[in-house]
Amino acid sequence: MNTLDFSQARFLLTDVDDTLTSHGRLLPQTYQALWALADAGIHIIPVTGGCAGWCDQIIRTWPVAGVIGESGGFYIVKDSEHRTRWHYWQDLMSHRADQAAIVQTIDNLPLPFDVQYAKDQSFRHVDVAIDYNQDARLTPDQADTVVHSLRQAGFSVKQSSIHINVWRGAFDKGAMARRLLAEQWQLTDTQMQQQVVFVGDAPNDESMFEFFPNSVGVANIARHLEHMTHHPKAITPSASGDGVTELIQTWLASKGQATTLGQ
């Protein structure tokens, strides 16, 4: 029932916060597993709601072929001379103007409680992140109120495990993942679905679960499933980075064949 097909898999696309990281930290066994998979010839592409500054560090220091950031607002790859190349959904000037409009809207919301922007907001190029489960806390009802209010204002809004991400535009993680794979590897949609394994942990990964058949949730996704329409095909036995490590170990042991993982 939860069989993953690794026979044509060439890419691991993975969320970062609470998927690769465990309690906010990238554990050594998870990082070593990423290196082992990269050494086996698999292209690793983090797909995160994280900020541009975080993504710049990832593309420079992790064993990755590219990185998608700010919920699909941009992707970064390296050229043949190892220089970073940034590709935005639209253009940086338009995204910056949209950011300013979102911040003005948030600041003018008639909310009976305070909201805090993510500590990394100054390092974001495209979206606006409201902290609800990292340094600051919002109750579930308060978070729902913020999400509803911003959607009513015409913005795209998704919740990760730590932030409420807000942007203007018809993009998300799944749309930018397909663009990157088409532009950089010339893959068709069918080839993407055959060659990609995706792993995530939260509702903002739904567009990835919907499109990629070989999709995996780490165990901590369980608390979100009842609120999600599109679910992963398999769920790892362990949470967060340990779950990703289990996925990679299963993949490498499969020798390119279909195999069963977790729940």
# chains A, B, ... in the order shown; residues from 1 in each chain; ligands from 1
call {"tool": "residues_around", "arguments": {"residues": "Met93 of chain A", "least_positions_apart": "6", "cutoff": "10 Å", "atoms": "only C-alpha atoms", "output": "list in words"}}
result
Gln99, His125 and Val126 of chain A
call {"tool": "residues_around", "arguments": {"residues": "Asp135 of chain A", "least_positions_apart": "5", "cutoff": "9 Å", "atoms": "only C-alpha atoms", "output": "count of residues only"}}
result
3
call {"tool": "closest_residue", "arguments": {"among": "A:Leu26, A:Ile44, A:Ala175, A:Val67", "to": "Leu12 of chain A", "atoms": "only C-alpha atoms"}}
result
A:Ile44
call {"tool": "residues_around", "arguments": {"residues": "Ser7 of chain A", "least_positions_apart": "5", "cutoff": "10 Å", "atoms": "only C-alpha atoms", "output": "mmCIF file with N, CA, C and O atoms, in the first residue's frame"}}
result
data_model
loop_
_atom_site.group_PDB
_atom_site.id
_atom_site.type_symbol
_atom_site.label_atom_id
_atom_site.label_comp_id
_atom_site.auth_asym_id
_atom_site.auth_seq_id
_atom_site.Cartn_x
_atom_site.Cartn_y
_atom_site.Cartn_z
ATOM 1 N N GLN A 194 7.916 10.556 -12.328
ATOM 2 C CA GLN A 194 8.645 9.291 -12.274
ATOM 3 C C GLN A 194 9.966 9.422 -11.517
ATOM 4 O O GLN A 194 10.409 8.471 -10.869
ATOM 5 N N GLN A 195 10.591 10.584 -11.595
ATOM 6 C CA GLN A 195 11.981 10.718 -11.151
ATOM 7 C C GLN A 195 12.155 11.430 -9.816
ATOM 8 O O GLN A 195 13.264 11.463 -9.284
ATOM 9 N N TRP A 251 15.990 4.104 0.517
ATOM 10 C CA TRP A 251 16.256 4.381 -0.896
ATOM 11 C C TRP A 251 17.572 3.742 -1.339
ATOM 12 O O TRP A 251 17.625 3.021 -2.338
ATOM 13 N N SER A 254 17.428 0.027 -1.522
ATOM 14 C CA SER A 254 16.483 -0.537 -2.496
ATOM 15 C C SER A 254 17.141 -0.916 -3.809
ATOM 16 O O SER A 254 16.569 -1.673 -4.600
ATOM 17 N N LYS A 255 18.334 -0.343 -4.068
ATOM 18 C CA LYS A 255 19.051 -0.583 -5.330
ATOM 19 C C LYS A 255 18.160 -0.259 -6.527
ATOM 20 O O LYS A 255 18.121 -0.978 -7.528
ATOM 21 N N GLY A 256 17.410 0.840 -6.402
ATOM 22 C CA GLY A 256 16.634 1.323 -7.504
ATOM 23 C C GLY A 256 15.344 0.558 -7.776
ATOM 24 O O GLY A 256 14.783 0.638 -8.875
ATOM 25 N N GLN A 257 14.833 -0.166 -6.794
ATOM 26 C CA GLN A 257 13.591 -0.922 -6.978
ATOM 27 C C GLN A 257 12.484 -0.341 -6.110
ATOM 28 O O GLN A 257 12.740 0.476 -5.219
ATOM 29 N N ALA A 258 11.268 -0.781 -6.358
ATOM 30 C CA ALA A 258 10.149 -0.376 -5.514
ATOM 31 C C ALA A 258 10.292 -1.024 -4.146
ATOM 32 O O ALA A 258 10.712 -2.176 -4.038
ATOM 33 N N THR A 259 9.932 -0.283 -3.099
ATOM 34 C CA THR A 259 10.045 -0.840 -1.758
ATOM 35 C C THR A 259 9.051 -0.161 -0.831
ATOM 36 O O THR A 259 8.525 0.907 -1.136
#
call {"tool": "atom_distance", "arguments": {"atom1": "atom CA of Pro203 of chain A", "atom2": "atom CA of Gln29 of chain A"}}
result
25.8 Å
call {"tool": "residues_around", "arguments": {"residues": "segment 45-61 of chain A", "least_positions_apart": "6", "cutoff": "7 Å", "atoms": "only C-alpha atoms", "output": "count of residues only"}}
result
15
call {"tool": "select_by_dssp", "arguments": {"residues": "segment 4-223 of chain A", "states": "alpha helix (DSSP H)", "output": "PyMOL selection string"}}
result
chain A and resi 28-39+52-61+92-107+140-152+173-185+189-195+206-211
call {"tool": "write_last_selection", "arguments": {"atoms": "C-alpha atoms", "output": "mmCIF file, in the first residue's frame"}}
result
data_model
loop_
_atom_site.group_PDB
_atom_site.id
_atom_site.type_symbol
_atom_site.label_atom_id
_atom_site.label_comp_id
_atom_site.auth_asym_id
_atom_site.auth_seq_id
_atom_site.Cartn_x
_atom_site.Cartn_y
_atom_site.Cartn_z
ATOM 1 C CA PRO A 28 24.741 14.939 11.933
ATOM 2 C CA GLN A 29 23.123 11.681 10.849
ATOM 3 C CA THR A 30 20.673 13.550 8.637
ATOM 4 C CA TYR A 31 23.408 15.650 7.046
ATOM 5 C CA GLN A 32 25.544 12.539 6.499
ATOM 6 C CA ALA A 33 22.568 10.807 4.880
ATOM 7 C CA LEU A 34 22.184 13.739 2.464
ATOM 8 C CA TRP A 35 25.850 13.449 1.517
ATOM 9 C CA ALA A 36 25.487 9.693 0.993
ATOM 10 C CA LEU A 37 22.526 10.234 -1.320
ATOM 11 C CA ALA A 38 24.334 12.979 -3.245
ATOM 12 C CA ASP A 39 27.390 10.735 -3.584
ATOM 13 C CA ALA A 52 16.502 34.120 0.834
ATOM 14 C CA GLY A 53 19.418 34.493 3.253
ATOM 15 C CA TRP A 54 18.933 30.944 4.563
ATOM 16 C CA CYS A 55 18.674 29.605 1.000
ATOM 17 C CA ASP A 56 21.863 31.402 -0.045
ATOM 18 C CA GLN A 57 23.702 29.571 2.740
ATOM 19 C CA ILE A 58 22.162 26.231 1.747
ATOM 20 C CA ILE A 59 23.147 26.434 -1.935
ATOM 21 C CA ARG A 60 26.714 27.377 -0.974
ATOM 22 C CA THR A 61 27.382 24.794 1.740
ATOM 23 C CA LEU A 92 12.604 41.156 -7.721
ATOM 24 C CA MET A 93 11.224 44.696 -8.014
ATOM 25 C CA SER A 94 7.632 43.428 -8.314
ATOM 26 C CA HIS A 95 8.084 41.039 -5.410
ATOM 27 C CA ARG A 96 9.486 43.805 -3.208
ATOM 28 C CA ALA A 97 6.477 46.017 -3.992
ATOM 29 C CA ASP A 98 4.147 43.132 -3.102
ATOM 30 C CA GLN A 99 6.010 42.636 0.191
ATOM 31 C CA ALA A 100 5.443 46.260 1.121
ATOM 32 C CA ALA A 101 1.718 45.967 0.373
ATOM 33 C CA ILE A 102 1.433 42.829 2.494
ATOM 34 C CA VAL A 103 3.215 44.433 5.454
ATOM 35 C CA GLN A 104 0.927 47.481 5.236
ATOM 36 C CA THR A 105 -2.133 45.220 5.188
ATOM 37 C CA ILE A 106 -0.928 43.196 8.191
ATOM 38 C CA ASP A 107 -0.094 46.334 10.173
ATOM 39 C CA PRO A 140 -4.721 27.903 16.692
ATOM 40 C CA ASP A 141 -7.744 30.221 16.670
ATOM 41 C CA GLN A 142 -5.536 33.308 16.395
ATOM 42 C CA ALA A 143 -3.542 31.745 13.554
ATOM 43 C CA ASP A 144 -6.784 30.868 11.746
ATOM 44 C CA THR A 145 -7.964 34.455 12.132
ATOM 45 C CA VAL A 146 -4.758 35.814 10.599
ATOM 46 C CA VAL A 147 -4.888 33.330 7.712
ATOM 47 C CA HIS A 148 -8.550 34.080 6.967
ATOM 48 C CA SER A 149 -8.047 37.855 7.139
ATOM 49 C CA LEU A 150 -5.121 37.827 4.721
ATOM 50 C CA ARG A 151 -6.866 35.524 2.276
ATOM 51 C CA GLN A 152 -9.848 37.840 2.362
ATOM 52 C CA LYS A 173 6.200 25.131 -3.770
ATOM 53 C CA GLY A 174 4.793 22.734 -6.366
ATOM 54 C CA ALA A 175 4.588 25.284 -9.183
ATOM 55 C CA MET A 176 8.172 26.451 -8.697
ATOM 56 C CA ALA A 177 9.437 22.873 -8.354
ATOM 57 C CA ARG A 178 7.964 22.059 -11.754
ATOM 58 C CA ARG A 179 9.452 25.220 -13.252
ATOM 59 C CA LEU A 180 12.920 24.461 -11.904
ATOM 60 C CA LEU A 181 12.872 20.860 -13.148
ATOM 61 C CA ALA A 182 11.646 21.939 -16.590
ATOM 62 C CA GLU A 183 14.088 24.833 -16.980
ATOM 63 C CA GLN A 184 17.207 23.213 -15.537
ATOM 64 C CA TRP A 185 16.722 19.534 -16.463
ATOM 65 C CA ASP A 189 5.526 16.519 -16.033
ATOM 66 C CA THR A 190 5.475 12.740 -16.532
ATOM 67 C CA GLN A 191 9.252 12.508 -16.122
ATOM 68 C CA MET A 192 9.072 14.625 -12.964
ATOM 69 C CA GLN A 193 6.478 12.300 -11.464
ATOM 70 C CA GLN A 194 8.645 9.291 -12.274
ATOM 71 C CA GLN A 195 11.981 10.718 -11.151
ATOM 72 C CA GLU A 206 0.252 19.834 -0.054
ATOM 73 C CA SER A 207 0.973 20.992 -3.613
ATOM 74 C CA MET A 208 3.994 18.680 -3.601
ATOM 75 C CA PHE A 209 2.047 15.732 -2.169
ATOM 76 C CA GLU A 210 -0.626 16.285 -4.807
ATOM 77 C CA PHE A 211 1.704 16.317 -7.819
#
call {"tool": "select_by_dssp", "arguments": {"residues": "segment 94-210 of chain A", "states": "strand (DSSP E)", "output": "list in words"}}
result
Gln116, Tyr117, Val128, Ala129, Ile130, Asp131, Ser156, Val157, Lys158, Gln159, His163, Ile164, Asn165, Val166, Trp167, Val196, Val197, Phe198, Val199 and Gly200 of chain A
call {"tool": "residues_around", "arguments": {"residues": "segment 215-228 of chain A", "least_positions_apart": "2", "cutoff": "6 Å", "atoms": "only C-alpha atoms", "output": "MDAnalysis selection string"}}
result
chainID A and resid 197:202 209 212:213 230 232:240 243
call {"tool": "atom_distance", "arguments": {"atom1": "atom CA of Leu138 of chain A", "atom2": "atom CA of Gly169 of chain A"}}
result
25.6 Å
